[in-house]
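Enquirer: Structure incoming, see below.
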Amino acid sequence: MALSVSSQPRKPATVSRQDRVRAFTLKYALSCVAATVSETVTYPLDLTKTRLQVQGELYAKQHGPHRGMVDTALGIVREEGTLRLWQGVTPAIYRHIVYTGCRMAFYEVLRDDILGKKPDGSFPVWKAIVGGLTAGGLAQFFASPTDLIKVQLQMEGRRRLEGKKPRVKSPLHAFKKIVRNSGYRGLWKGWAPNVKRAALVNMGDLTTYDSAKHFILRNTQLKDNYMTHFLASCCSGLVAATLSTPADVIKTRIMNSHLDGYKGVTYTSSLDCLLKTVKSEGFLALYKGWLPTWSRMAPWSLIFWLSYEEIRKISGVASF
């Protein structure tokens with residue numbers, strides 16, 4: 001006796017809301033772990049980049065000649081001590097717990113559930129750009145207070161050498177001081193250039209990594225392994241650094257200005273900072289710190305993506 005088979009197509013399995021939340025939370029946590037490792041290893045380059053970016057402002061010109069990346073790093077070690085290369089690393093890690101967790105999770109939601117992949121699993125570049133810009137901007141807006149605190153802590157060693165009174169002593173002290181002087185809204189000082197920078201970074205990082213990885217998989221014999229991840233992360237670090245450095249310079253200068261008796265250049269907006277910087281120092285001043293930015297983003301991106309992909313694999317989560 002023949003068994004009858006229904007001609008009705010099977011309905012695709014639905015994913016419950018609880019499963020979606022669980023997947024989102026797991027990916028968020030895994031990205032935070034990978035980001036913490038990358039941030040800790042490469043943080044001295046971030047500190048060096050920040051010191052370089054405020055060179056050229058009026059108050060900085062009064063304190064000796066300008067230095068390059070290597071001289072700046074060696075100067076910090078010689079004048080302040082080796083451990084000062086990690087000054088501000090705590091709020092930097094806090095930032096990535098918010099920022100990287102959000103940007104990675106938001107991007108995957110946008111890619112997989114909202115913008116949508118093609119039936120063959122590919123993701124058009126224009127959609128990747130929209131996803132990277134949106135995920136990066138939203139994530140940085142939420143993380144902006146931690147970035148503000150980090151920048152202020154990074155500049156304290158230089159202030160002490162200049163004989164100035166310290167502005168902040170710890171992340172908690174910086175948080176309380178900002179709230180006391182400017183209210184909670186003060187925690188978002190410089191958020192506009194910060195969000196613009198993050199959007200550009202993620203357009204370069206997430207978009208480039210995602211597109212480069214799948215391009216390599218489609219057009220070469222390489223498999224979805226560490227070599228493919230390595231090549232894609234090298235591309236993403238270079239593009240992200242080039243796109244983001246001007247916005248990063250503006251963000252850093254705005255965040256470093258304005259506190260307690262600041263005697264240097266003050267800015268009324270991102271555009272004002274841009275115009276004053278170009279007028280007094282030239283267009284290339286917008287790329288101050290590009291080398292340490294790229295030098296940091298390259299290993300940061302490499303360490304992050306390799307560790308993130310491996311952690312996902314160990315945890316039973318599909319490759320990014």
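Chain identifiers are assigned as A, B, and so on, following the order in which chains appear in the structure tokens; residues are numbered from 1 within each chain, and ligands are numbered from 1 in order of appearance.
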Please provide as a count of residues only all residues within 12 Å of Leu275 of chain A, with the sequence filter that same-chain residues fewer than 6 positions apart are discarded (counting only C-alpha atoms).
Expert: 10
Enquirer: Considering only helix (DSSP H, G or I) as DSSP defines it on the backbone, what residues of segment 79-141 of chain A qualify? List them as a PyMOL selection string.
Expert: chain A and resi 79-80+82-86+89-114+125-141
Enquirer: Quick one: residues within 8 Å of Ala35 of chain A, only C-alpha atoms, excluding same-chain residues fewer than 5 positions away - as a list of chain:residue names?
Expert: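 My list of contacting residues is A:Ile93, A:His96, A:Ile97, A:Thr100, A:Phe304.
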Enquirer: For Asp71 of chain A, find every residue with an atom within 12 Å (counting only C-alpha atoms), except residues of its own chain fewer than 5 positions away, and show them as a PDB file with N, CA and C atoms, in the first residue's frame.
Expert:
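As written to disk, around.pdb reads:
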```pdb
ATOM      1  N   THR A  48      48.993  56.819  22.497  1.00  0.00           N
ATOM      2  CA  THR A  48      49.942  57.584  21.682  1.00  0.00           C
ATOM      3  C   THR A  48      49.212  58.413  20.636  1.00  0.00           C
ATOM      4  N   LYS A  49      48.223  57.817  19.984  1.00  0.00           N
ATOM      5  CA  LYS A  49      47.431  58.518  18.969  1.00  0.00           C
ATOM      6  C   LYS A  49      46.735  59.735  19.570  1.00  0.00           C
ATOM      7  N   ARG A  51      47.588  61.526  22.231  1.00  0.00           N
ATOM      8  CA  ARG A  51      48.564  62.576  22.534  1.00  0.00           C
ATOM      9  C   ARG A  51      48.991  63.303  21.253  1.00  0.00           C
ATOM     10  N   LEU A  52      49.160  62.568  20.175  1.00  0.00           N
ATOM     11  CA  LEU A  52      49.558  63.185  18.917  1.00  0.00           C
ATOM     12  C   LEU A  52      48.485  64.134  18.386  1.00  0.00           C
ATOM     13  N   PRO A  65      58.817  70.934  21.406  1.00  0.00           N
ATOM     14  CA  PRO A  65      58.585  70.615  19.992  1.00  0.00           C
ATOM     15  C   PRO A  65      57.623  69.454  19.816  1.00  0.00           C
ATOM     16  N   HIS A  66      57.069  69.365  18.625  1.00  0.00           N
ATOM     17  CA  HIS A  66      56.179  68.261  18.312  1.00  0.00           C
ATOM     18  C   HIS A  66      56.969  66.967  18.199  1.00  0.00           C
ATOM     19  N   ILE A  76      56.447  59.061  26.736  1.00  0.00           N
ATOM     20  CA  ILE A  76      55.528  58.667  27.805  1.00  0.00           C
ATOM     21  C   ILE A  76      56.216  57.702  28.758  1.00  0.00           C
ATOM     22  N   VAL A  77      56.934  56.721  28.212  1.00  0.00           N
ATOM     23  CA  VAL A  77      57.636  55.744  29.048  1.00  0.00           C
ATOM     24  C   VAL A  77      58.714  56.426  29.887  1.00  0.00           C
ATOM     25  N   ARG A  78      59.482  57.307  29.250  1.00  0.00           N
ATOM     26  CA  ARG A  78      60.605  57.960  29.922  1.00  0.00           C
ATOM     27  C   ARG A  78      60.142  58.977  30.971  1.00  0.00           C
ATOM     28  N   GLU A  79      59.121  59.742  30.635  1.00  0.00           N
ATOM     29  CA  GLU A  79      58.704  60.842  31.504  1.00  0.00           C
ATOM     30  C   GLU A  79      57.631  60.458  32.510  1.00  0.00           C
ATOM     31  N   PRO A 292      49.624  55.901  13.928  1.00  0.00           N
ATOM     32  CA  PRO A 292      49.274  55.076  15.090  1.00  0.00           C
ATOM     33  C   PRO A 292      47.837  54.579  15.052  1.00  0.00           C
TER      34      PRO A 292
END
```
Enquirer: Residues at most 8 Å from Gly289 of chain A, counting only C-alpha atoms, excluding those fewer than 4 positions away in the same chain, as a list in words?
Expert: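 Within the cut-off, the hits are Lys49, Thr50, Leu52, Gln53, Met69, Thr245, Val249 and Thr293 of chain A.
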Enquirer: Export N, CA and C atoms of the chosen residues as a PDB file, in the first residue's frame?
Expert:
```pdb
ATOM      1  N   LYS A  49      48.223  57.817  19.984  1.00  0.00           N
ATOM      2  CA  LYS A  49      47.431  58.518  18.969  1.00  0.00           C
ATOM      3  C   LYS A  49      46.735  59.735  19.570  1.00  0.00           C
ATOM      4  N   THR A  50      46.158  59.592  20.761  1.00  0.00           N
ATOM      5  CA  THR A  50      45.443  60.698  21.397  1.00  0.00           C
ATOM      6  C   THR A  50      46.390  61.844  21.717  1.00  0.00           C
ATOM      7  N   LEU A  52      49.160  62.568  20.175  1.00  0.00           N
ATOM      8  CA  LEU A  52      49.558  63.185  18.917  1.00  0.00           C
ATOM      9  C   LEU A  52      48.485  64.134  18.386  1.00  0.00           C
ATOM     10  N   GLN A  53      47.232  63.761  18.568  1.00  0.00           N
ATOM     11  CA  GLN A  53      46.137  64.529  17.966  1.00  0.00           C
ATOM     12  C   GLN A  53      45.929  65.896  18.599  1.00  0.00           C
ATOM     13  N   MET A  69      55.220  59.533  16.274  1.00  0.00           N
ATOM     14  CA  MET A  69      54.583  58.442  16.995  1.00  0.00           C
ATOM     15  C   MET A  69      55.553  57.746  17.946  1.00  0.00           C
ATOM     16  N   THR A 245      40.074  58.828  10.583  1.00  0.00           N
ATOM     17  CA  THR A 245      41.048  59.681  11.274  1.00  0.00           C
ATOM     18  C   THR A 245      40.623  61.149  11.384  1.00  0.00           C
ATOM     19  N   VAL A 249      40.270  63.008  15.026  1.00  0.00           N
ATOM     20  CA  VAL A 249      41.020  64.187  15.479  1.00  0.00           C
ATOM     21  C   VAL A 249      40.063  65.230  16.057  1.00  0.00           C
ATOM     22  N   THR A 293      46.945  55.363  14.401  1.00  0.00           N
ATOM     23  CA  THR A 293      45.566  54.878  14.265  1.00  0.00           C
ATOM     24  C   THR A 293      45.549  53.603  13.434  1.00  0.00           C
TER      25      THR A 293
END
```
Enquirer: Tell me which protein, DNA and RNA residues are within 12 Å of Thr208 of chain A, counting only C-alpha atoms, leaving out same-chain ones fewer than 3 positions away, and put them as a VMD selection string.
Expert: chain A and resid 123 to 129 131 to 133 200 to 205 211 to 216 229 231 to 241 243 301
Enquirer: I need the chosen residues saved as a PDB file, in the first residue's frame, with C-alpha atoms.
Expert:
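Result saved to again03.pdb:
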```pdb
ATOM      1  CA  PHE A 123      24.912  40.547   1.149  1.00  0.00           C
ATOM      2  CA  PRO A 124      25.086  43.497  -1.301  1.00  0.00           C
ATOM      3  CA  VAL A 125      27.815  46.028  -0.557  1.00  0.00           C
ATOM      4  CA  TRP A 126      25.370  48.949  -0.374  1.00  0.00           C
ATOM      5  CA  LYS A 127      23.395  47.117   2.301  1.00  0.00           C
ATOM      6  CA  ALA A 128      26.610  46.338   4.173  1.00  0.00           C
ATOM      7  CA  ILE A 129      27.480  50.057   4.078  1.00  0.00           C
ATOM      8  CA  GLY A 131      24.327  48.344   8.120  1.00  0.00           C
ATOM      9  CA  GLY A 132      27.844  49.363   9.140  1.00  0.00           C
ATOM     10  CA  LEU A 133      27.018  53.083   9.318  1.00  0.00           C
ATOM     11  CA  LEU A 200      32.859  55.790   9.364  1.00  0.00           C
ATOM     12  CA  VAL A 201      34.947  53.276  11.310  1.00  0.00           C
ATOM     13  CA  ASN A 202      32.248  50.649  11.038  1.00  0.00           C
ATOM     14  CA  MET A 203      31.573  51.423   7.413  1.00  0.00           C
ATOM     15  CA  GLY A 204      35.250  50.646   6.950  1.00  0.00           C
ATOM     16  CA  ASP A 205      35.526  47.795   9.447  1.00  0.00           C
ATOM     17  CA  SER A 211      32.383  42.022   2.026  1.00  0.00           C
ATOM     18  CA  ALA A 212      36.050  41.027   1.757  1.00  0.00           C
ATOM     19  CA  LYS A 213      35.537  37.748   3.599  1.00  0.00           C
ATOM     20  CA  HIS A 214      32.680  36.592   1.387  1.00  0.00           C
ATOM     21  CA  PHE A 215      34.422  37.862  -1.756  1.00  0.00           C
ATOM     22  CA  ILE A 216      37.424  35.707  -0.874  1.00  0.00           C
ATOM     23  CA  HIS A 229      39.767  35.958   8.472  1.00  0.00           C
ATOM     24  CA  LEU A 231      43.122  38.699   4.936  1.00  0.00           C
ATOM     25  CA  ALA A 232      39.682  40.247   5.489  1.00  0.00           C
ATOM     26  CA  SER A 233      40.743  41.866   8.780  1.00  0.00           C
ATOM     27  CA  CYS A 234      43.833  43.415   7.136  1.00  0.00           C
ATOM     28  CA  CYS A 235      41.568  45.076   4.560  1.00  0.00           C
ATOM     29  CA  SER A 236      39.106  46.296   7.187  1.00  0.00           C
ATOM     30  CA  GLY A 237      41.766  47.883   9.418  1.00  0.00           C
ATOM     31  CA  LEU A 238      43.292  49.915   6.575  1.00  0.00           C
ATOM     32  CA  VAL A 239      39.969  51.220   5.243  1.00  0.00           C
ATOM     33  CA  ALA A 240      38.619  51.996   8.727  1.00  0.00           C
ATOM     34  CA  ALA A 241      41.709  54.011   9.727  1.00  0.00           C
ATOM     35  CA  LEU A 243      37.993  56.923   6.734  1.00  0.00           C
ATOM     36  CA  SER A 301      41.147  44.308  13.842  1.00  0.00           C
TER      37      SER A 301
END
```
Enquirer: Pick the closest to Thr82 of chain A from A:Tyr28, A:Pro44, A:Met104, A:Ile254: which is it, counting only C-alpha atoms?
Expert: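 Among the listed residues, the smallest separation from Thr82 of chain A belongs to A:Pro44.
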Enquirer: Could you tell me how far atom CA of Thr207 of chain A lies from atom CA of Tyr107 of chain A, in Å and to one decimal?
Expert: 9.5 Å
Enquirer: Write out as a tab-separated table the residues of segment 227-304 of chain A that have any atom within 10 Å of an atom of segment 143-159 of chain A, one row each with the nearest atom pair and its distance in Å to one decimal, counting only C-alpha atoms, sorted by chain and then rising number.
Expert:
```
residue	atom	partner	partner_atom	distance
A:Lys251	CA	A:Leu148	CA	9.3
A:Thr252	CA	A:Val151	CA	7.0
A:Arg253	CA	A:Val151	CA	9.4
A:Ile254	CA	A:Leu148	CA	9.7
A:Met255	CA	A:Leu148	CA	6.1
A:Asn256	CA	A:Gln152	CA	6.1
A:Ser257	CA	A:Gln152	CA	9.3
A:Leu259	CA	A:Gln152	CA	9.4
```
Enquirer: Under the rule of at most 7 Å, produce a per-residue listing of segment 189-238 of chain A near segment 134-138 of chain A: chain, number, name, the closest pair of atoms, and the distance in Å, as a tab-separated table, using only C-alpha atoms.
Expert:
```
residue	atom	partner	partner_atom	distance
A:Val195	CA	A:Gly137	CA	4.9
A:Lys196	CA	A:Gly137	CA	6.6
A:Ala198	CA	A:Gly136	CA	5.2
A:Ala199	CA	A:Gly136	CA	4.6
A:Asn202	CA	A:Gly136	CA	5.3
```
Enquirer: Next, the residues of the selection above should be written as a tab-separated table (two decimals), in the first residue's frame with all heavy atoms.
Expert:
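Contents of result_13.tsv, freshly written:
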```tsv
chain	number	residue	atom	x	y	z
A	195	VAL	N	30.02	60.01	17.08
A	195	VAL	CA	29.12	59.13	16.34
A	195	VAL	C	29.49	59.10	14.86
A	195	VAL	O	29.47	58.03	14.22
A	195	VAL	CB	27.65	59.59	16.52
A	195	VAL	CG1	26.74	58.91	15.51
A	195	VAL	CG2	27.19	59.29	17.95
A	196	LYS	N	29.86	60.26	14.31
A	196	LYS	CA	30.27	60.31	12.90
A	196	LYS	C	31.51	59.45	12.68
A	196	LYS	O	31.60	58.71	11.69
A	196	LYS	CB	30.55	61.76	12.48
A	196	LYS	CG	29.30	62.64	12.47
A	196	LYS	CD	29.68	64.10	12.26
A	196	LYS	CE	28.46	65.01	12.41
A	196	LYS	NZ	28.81	66.44	12.33
A	198	ALA	N	32.51	56.90	14.51
A	198	ALA	CA	32.18	55.49	14.67
A	198	ALA	C	31.45	54.95	13.45
A	198	ALA	O	31.66	53.81	13.04
A	198	ALA	CB	31.33	55.29	15.92
A	199	ALA	N	30.58	55.78	12.88
A	199	ALA	CA	29.87	55.35	11.68
A	199	ALA	C	30.85	55.09	10.55
A	199	ALA	O	30.75	54.08	9.82
A	199	ALA	CB	28.85	56.42	11.26
A	202	ASN	N	32.97	51.90	11.27
A	202	ASN	CA	32.25	50.65	11.04
A	202	ASN	C	31.88	50.46	9.58
A	202	ASN	O	31.74	49.31	9.13
A	202	ASN	CB	31.01	50.59	11.94
A	202	ASN	CG	31.38	50.26	13.36
A	202	ASN	OD1	31.58	49.10	13.72
A	202	ASN	ND2	31.52	51.28	14.20
```
Enquirer: When you count only C-alpha atoms, which of these residues is closest to Ile303 of chain A: A:Trp188, A:Phe175, A:Leu271, A:Thr40?
Expert: A:Thr40
Enquirer: Please indicate the distance in Å from atom CA of Lys169 of chain A to atom CA of Tyr94 of chain A, rounded to one decimal place.
Expert: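 Computing it gives 16.8 Å between the two atoms.
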Enquirer: What is the atom CA of Leu85 of chain A to atom CA of Leu284 of chain A distance in Å?
Expert: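 Pair atom CA of Leu85 of chain A / atom CA of Leu284 of chain A returns 25.9 Å.
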